[in-house]
Amino acid sequence: MPDSAPINLTHHFLIAMPGLEDEAFAKSVVYVCEHTERGALGIVINKPSDINLQRLFDQVELPLRRDDLVENPVYQGGPVQTERGFVLHDPMLSGQAGDVAPRESAYASTMVIPGGLEMTTSKDVLEALSTGAGPRRVLVSLGYSAWGEGQLESELADNSWLTVGADAAVIFDTPVAQRYDKALALLGLQAWMLSPEAGHG
């Protein structure tokens with residue numbers, strides 16, 4: 001692939017290679033929300049914290065009227081802005097067939113991710129969940145992961161990450177302990193096939 005063709009890993013998974021020992025990212029799967037020439041932003045989807053959504057909602061003084069979400073963990077989305085909440089979720093408004101207008105989110109501060117998911121940082125999505133409504137599937141994280149210009153490309157060149165197109169089922173429907181293996185399976189790989197020296201031979 002010529003160097004002039006930039007890669008765009010929006011709506012992809014980054015899967016940590018065994019040699020990546022950084023505490024925040026070892027054995028992690030990162031969902032990339034945005035990747036441009038200025039850098040990348042993503043959420044780690046397989047590192048639960050020790051608090052669940054019920055406790056988070058108690059802290060923000062909202063009820064949580066979604067029995068399906070009460071026990072869901074809050075995730076450690078990455079080392080940036082770890083006091084701030086980020087909600088990865090299904091879109092609320094699905095465009096009808098034939099619509100040509102760009103899809104807009106139901107929430108204030110939302111990044112609409114090409115590929116079908118949304119990432120919201122405004123409290124209104126939590127308020128919707130507190131009434132028993134809101135998106136069907138959500139992953140709530142504290143903090144996010146970020147790479148500056150050229151940084152992710154350089155880590156890819158160092159064989160720190162494998163990449164594969166994202167599958168929302170891995171994020172929302174797969175038990176957390178299986179997400180790393182399920183993401184690898186999208187590439188037809190299993191963890192034992194990866195040696196820390198892979199790609200350096």
# chains A, B, ... in the order shown; residues from 1 in each chain; ligands from 1
call {"tool": "select_by_dssp", "arguments": {"residues": "stretch 71-137 of chain A", "states": "helix (DSSP H, G or I)", "output": "list of chain:residue names"}}
result
A:Asp124, A:Val125, A:Leu126, A:Glu127, A:Ala128, A:Leu129, A:Ser130
call {"tool": "residues_around", "arguments": {"residues": "A:Ala168", "least_positions_apart": "5", "cutoff": "9 Å", "atoms": "only C-alpha atoms", "output": "PyMOL selection string"}}
result
chain A and resi 90+116-117+173
call {"tool": "write_last_selection", "arguments": {"atoms": "C-alpha atoms", "output": "short mmCIF file (atom, residue, chain, number, x, y, z; two decimals), in the first residue's frame"}}
result
data_model
loop_
_atom_site.label_atom_id
_atom_site.label_comp_id
_atom_site.auth_asym_id
_atom_site.auth_seq_id
_atom_site.Cartn_x
_atom_site.Cartn_y
_atom_site.Cartn_z
CA ASP A 90 -26.95 2.16 19.31
CA GLY A 116 -23.86 2.81 12.81
CA LEU A 117 -22.92 3.56 16.42
CA ASP A 173 -23.62 -8.86 23.34
#
call {"tool": "residues_around", "arguments": {"residues": "stretch 40-53 of chain A", "least_positions_apart": "4", "cutoff": "8 Å", "atoms": "only C-alpha atoms", "output": "ChimeraX atom specification"}}
result
/A:25,28-36,57,69-78,139-141,143-149,152,171,176-177,179-180
call {"tool": "write_last_selection", "arguments": {"atoms": "C-alpha atoms", "output": "JSON list (two decimals), in the first residue's frame"}}
result
[["chain", "number", "residue", "atom", "x", "y", "z"],
["A", 25, "PHE", "CA", -3.82, -1.19, 26.90],
["A", 28, "SER", "CA", -7.27, -4.55, 25.33],
["A", 29, "VAL", "CA", -9.76, -4.16, 22.53],
["A", 30, "VAL", "CA", -10.33, -0.51, 21.56],
["A", 31, "TYR", "CA", -13.31, 0.62, 19.51],
["A", 32, "VAL", "CA", -12.15, 3.51, 17.31],
["A", 33, "CYS", "CA", -14.78, 6.25, 17.26],
["A", 34, "GLU", "CA", -12.83, 8.64, 15.05],
["A", 35, "HIS", "CA", -9.62, 8.47, 13.04],
["A", 36, "THR", "CA", -8.47, 11.42, 10.93],
["A", 57, "PHE", "CA", -26.46, 6.71, 38.39],
["A", 69, "LEU", "CA", -28.46, -2.29, 32.61],
["A", 70, "VAL", "CA", -28.29, -2.12, 36.43],
["A", 71, "GLU", "CA", -25.46, -4.64, 36.82],
["A", 72, "ASN", "CA", -23.52, -3.56, 33.72],
["A", 73, "PRO", "CA", -20.03, -2.38, 34.64],
["A", 74, "VAL", "CA", -18.69, 1.06, 33.88],
["A", 75, "TYR", "CA", -15.60, 0.57, 31.70],
["A", 76, "GLN", "CA", -12.14, 2.11, 31.87],
["A", 77, "GLY", "CA", -12.28, 3.61, 28.40],
["A", 78, "GLY", "CA", -8.72, 4.92, 28.41],
["A", 139, "LEU", "CA", -21.48, 0.80, 26.99],
["A", 140, "VAL", "CA", -20.56, 3.50, 29.51],
["A", 141, "SER", "CA", -16.92, 4.34, 30.10],
["A", 143, "GLY", "CA", -12.18, 8.19, 30.13],
["A", 144, "TYR", "CA", -11.17, 7.52, 26.56],
["A", 145, "SER", "CA", -8.11, 6.69, 24.50],
["A", 146, "ALA", "CA", -6.46, 9.20, 22.21],
["A", 147, "TRP", "CA", -3.60, 9.28, 19.75],
["A", 148, "GLY", "CA", -2.01, 12.41, 18.32],
["A", 149, "GLU", "CA", -1.21, 13.00, 14.67],
["A", 152, "LEU", "CA", -1.49, 5.42, 15.96],
["A", 171, "ILE", "CA", -19.20, -4.63, 22.19],
["A", 176, "VAL", "CA", -16.45, -9.07, 28.72],
["A", 177, "ALA", "CA", -14.00, -11.92, 29.34],
["A", 179, "ARG", "CA", -14.30, -9.87, 23.89],
["A", 180, "TYR", "CA", -10.57, -10.09, 23.20]]
call {"tool": "residues_around", "arguments": {"residues": "stretch 186-193 of chain A", "least_positions_apart": "3", "cutoff": "12 Å", "atoms": "only C-alpha atoms", "output": "list in words"}}
result
His12, Phe13, Leu14, Ile15, Ala16, Met17, Pro18, Lys27, Leu162, Thr163, Val164, Gly165, Ala166, Asp167, Ala168, Ala169, Val170, Gln178, Arg179, Tyr180, Asp181, Lys182, Ala183, Pro196, Glu197, Ala198 and Gly199 of chain A
call {"tool": "closest_residue", "arguments": {"among": "A:Pro79, A:Ala108, A:His89, A:Leu194", "to": "A:Asp22", "atoms": "only C-alpha atoms"}}
result
A:Pro79
call {"tool": "select_by_dssp", "arguments": {"residues": "stretch 26-107 of chain A", "states": "strand (DSSP E)", "output": "mmCIF file with N, CA and C atoms, in the first residue's frame"}}
result
data_model
loop_
_atom_site.group_PDB
_atom_site.id
_atom_site.type_symbol
_atom_site.label_atom_id
_atom_site.label_comp_id
_atom_site.auth_asym_id
_atom_site.auth_seq_id
_atom_site.Cartn_x
_atom_site.Cartn_y
_atom_site.Cartn_z
ATOM 1 N N VAL A 29 -9.103 -4.363 23.813
ATOM 2 C CA VAL A 29 -9.760 -4.155 22.525
ATOM 3 C C VAL A 29 -10.309 -2.732 22.569
ATOM 4 N N VAL A 30 -9.903 -1.915 21.609
ATOM 5 C CA VAL A 30 -10.332 -0.514 21.559
ATOM 6 C C VAL A 30 -11.258 -0.339 20.367
ATOM 7 N N TYR A 31 -12.424 0.244 20.617
ATOM 8 C CA TYR A 31 -13.312 0.615 19.514
ATOM 9 C C TYR A 31 -12.945 2.031 19.078
ATOM 10 N N VAL A 32 -12.578 2.194 17.808
ATOM 11 C CA VAL A 32 -12.147 3.507 17.306
ATOM 12 C C VAL A 32 -13.370 4.299 16.855
ATOM 13 N N CYS A 33 -13.633 5.400 17.575
ATOM 14 C CA CYS A 33 -14.781 6.254 17.261
ATOM 15 C C CYS A 33 -14.461 7.236 16.135
ATOM 16 N N GLU A 34 -13.208 7.648 16.064
ATOM 17 C CA GLU A 34 -12.826 8.640 15.052
ATOM 18 C C GLU A 34 -11.346 8.477 14.730
ATOM 19 N N HIS A 35 -11.024 8.533 13.457
ATOM 20 C CA HIS A 35 -9.625 8.472 13.038
ATOM 21 C C HIS A 35 -9.473 9.397 11.837
ATOM 22 N N THR A 36 -8.725 10.462 12.014
ATOM 23 C CA THR A 36 -8.468 11.417 10.934
ATOM 24 C C THR A 36 -6.967 11.655 10.858
ATOM 25 N N GLY A 39 -5.388 12.567 14.193
ATOM 26 C CA GLY A 39 -5.233 11.610 15.292
ATOM 27 C C GLY A 39 -6.440 10.698 15.394
ATOM 28 N N ALA A 40 -6.538 10.005 16.526
ATOM 29 C CA ALA A 40 -7.609 9.019 16.699
ATOM 30 C C ALA A 40 -8.140 9.077 18.124
ATOM 31 N N LEU A 41 -9.394 8.643 18.261
ATOM 32 C CA LEU A 41 -10.060 8.614 19.549
ATOM 33 C C LEU A 41 -10.818 7.298 19.647
ATOM 34 N N GLY A 42 -10.722 6.627 20.782
ATOM 35 C CA GLY A 42 -11.417 5.358 20.927
ATOM 36 C C GLY A 42 -11.748 5.052 22.375
ATOM 37 N N ILE A 43 -12.504 3.969 22.564
ATOM 38 C CA ILE A 43 -12.940 3.521 23.887
ATOM 39 C C ILE A 43 -12.505 2.069 24.065
ATOM 40 N N VAL A 44 -11.811 1.776 25.170
ATOM 41 C CA VAL A 44 -11.477 0.384 25.498
ATOM 42 C C VAL A 44 -12.773 -0.311 25.925
ATOM 43 N N PRO A 48 -13.494 -3.596 32.481
ATOM 44 C CA PRO A 48 -14.501 -3.060 33.392
ATOM 45 C C PRO A 48 -13.858 -2.467 34.636
ATOM 46 N N SER A 49 -14.457 -1.409 35.166
ATOM 47 C CA SER A 49 -14.010 -0.855 36.450
ATOM 48 C C SER A 49 -14.753 -1.602 37.558
ATOM 49 N N ASP A 50 -14.551 -1.162 38.790
ATOM 50 C CA ASP A 50 -15.229 -1.847 39.894
ATOM 51 C C ASP A 50 -16.552 -1.195 40.256
ATOM 52 N N ILE A 51 -17.060 -0.274 39.414
ATOM 53 C CA ILE A 51 -18.394 0.267 39.688
ATOM 54 C C ILE A 51 -19.350 -0.129 38.564
ATOM 55 N N ASN A 52 -20.614 -0.303 38.939
ATOM 56 C CA ASN A 52 -21.609 -0.644 37.921
ATOM 57 C C ASN A 52 -22.480 0.576 37.614
ATOM 58 N N PRO A 73 -21.132 -3.170 34.089
ATOM 59 C CA PRO A 73 -20.025 -2.384 34.642
ATOM 60 C C PRO A 73 -19.825 -1.082 33.869
ATOM 61 N N VAL A 74 -19.221 -0.127 34.556
ATOM 62 C CA VAL A 74 -18.694 1.061 33.878
ATOM 63 C C VAL A 74 -17.270 0.695 33.471
ATOM 64 N N TYR A 75 -16.896 1.006 32.239
ATOM 65 C CA TYR A 75 -15.605 0.573 31.700
ATOM 66 C C TYR A 75 -14.541 1.651 31.869
ATOM 67 N N GLN A 76 -13.288 1.197 31.893
ATOM 68 C CA GLN A 76 -12.139 2.108 31.872
ATOM 69 C C GLN A 76 -11.809 2.321 30.398
ATOM 70 N N VAL A 80 -7.421 9.105 29.193
ATOM 71 C CA VAL A 80 -7.683 10.545 29.012
ATOM 72 C C VAL A 80 -9.047 10.897 29.616
ATOM 73 N N GLN A 81 -9.104 11.990 30.381
ATOM 74 C CA GLN A 81 -10.349 12.488 30.994
ATOM 75 C C GLN A 81 -11.100 11.385 31.738
ATOM 76 N N THR A 82 -10.418 10.755 32.681
ATOM 77 C CA THR A 82 -10.993 9.594 33.366
ATOM 78 C C THR A 82 -12.113 9.960 34.340
ATOM 79 N N GLU A 83 -12.341 11.258 34.552
ATOM 80 C CA GLU A 83 -13.455 11.651 35.420
ATOM 81 C C GLU A 83 -14.720 11.905 34.592
ATOM 82 N N ARG A 84 -14.602 11.769 33.275
ATOM 83 C CA ARG A 84 -15.711 12.137 32.401
ATOM 84 C C ARG A 84 -16.351 10.890 31.793
ATOM 85 N N GLY A 85 -17.673 10.911 31.660
ATOM 86 C CA GLY A 85 -18.383 9.753 31.112
ATOM 87 C C GLY A 85 -18.550 9.820 29.601
ATOM 88 N N PHE A 86 -18.416 8.654 28.977
ATOM 89 C CA PHE A 86 -18.608 8.517 27.536
ATOM 90 C C PHE A 86 -19.548 7.335 27.322
ATOM 91 N N VAL A 87 -20.584 7.530 26.529
ATOM 92 C CA VAL A 87 -21.587 6.492 26.335
ATOM 93 C C VAL A 87 -21.579 6.072 24.860
ATOM 94 N N LEU A 88 -21.150 4.838 24.631
ATOM 95 C CA LEU A 88 -21.185 4.255 23.288
ATOM 96 C C LEU A 88 -22.510 3.526 23.172
ATOM 97 N N HIS A 89 -23.268 3.795 22.116
ATOM 98 C CA HIS A 89 -24.616 3.221 22.075
ATOM 99 C C HIS A 89 -25.140 3.064 20.646
#
call {"tool": "residues_around", "arguments": {"residues": "stretch 134-136 of chain A", "least_positions_apart": "2", "cutoff": "7 Å", "atoms": "only C-alpha atoms", "output": "ChimeraX atom specification"}}
result
/A:89-92,125,128-129,132,138
call {"tool": "write_last_selection", "arguments": {"atoms": "C-alpha atoms", "output": "JSON list (two decimals), in the first residue's frame"}}
result
[["chain", "number", "residue", "atom", "x", "y", "z"],
["A", 89, "HIS", "CA", -24.62, 3.22, 22.07],
["A", 90, "ASP", "CA", -26.95, 2.16, 19.31],
["A", 91, "PRO", "CA", -28.36, 5.04, 17.29],
["A", 92, "MET", "CA", -31.72, 6.31, 18.50],
["A", 125, "VAL", "CA", -28.48, 10.18, 27.29],
["A", 128, "ALA", "CA", -33.17, 9.10, 28.92],
["A", 129, "LEU", "CA", -31.95, 5.84, 30.51],
["A", 132, "GLY", "CA", -36.52, 3.63, 31.25],
["A", 138, "VAL", "CA", -25.05, 0.99, 25.79]]
call {"tool": "residues_around", "arguments": {"residues": "A:Ser160", "least_positions_apart": "2", "cutoff": "7 Å", "atoms": "only C-alpha atoms", "output": "PyMOL selection string"}}
result
chain A and resi 16-17+19-20+155-156+158
call {"tool": "atom_distance", "arguments": {"atom1": "atom CA of A:Ile113", "atom2": "atom CA of A:Arg137"}}
result
15.3 Å
call {"tool": "closest_residue", "arguments": {"among": "A:Val60, A:Phe172, A:Glu118, A:Trp161", "to": "A:Leu9", "atoms": "only C-alpha atoms"}}
result
A:Trp161
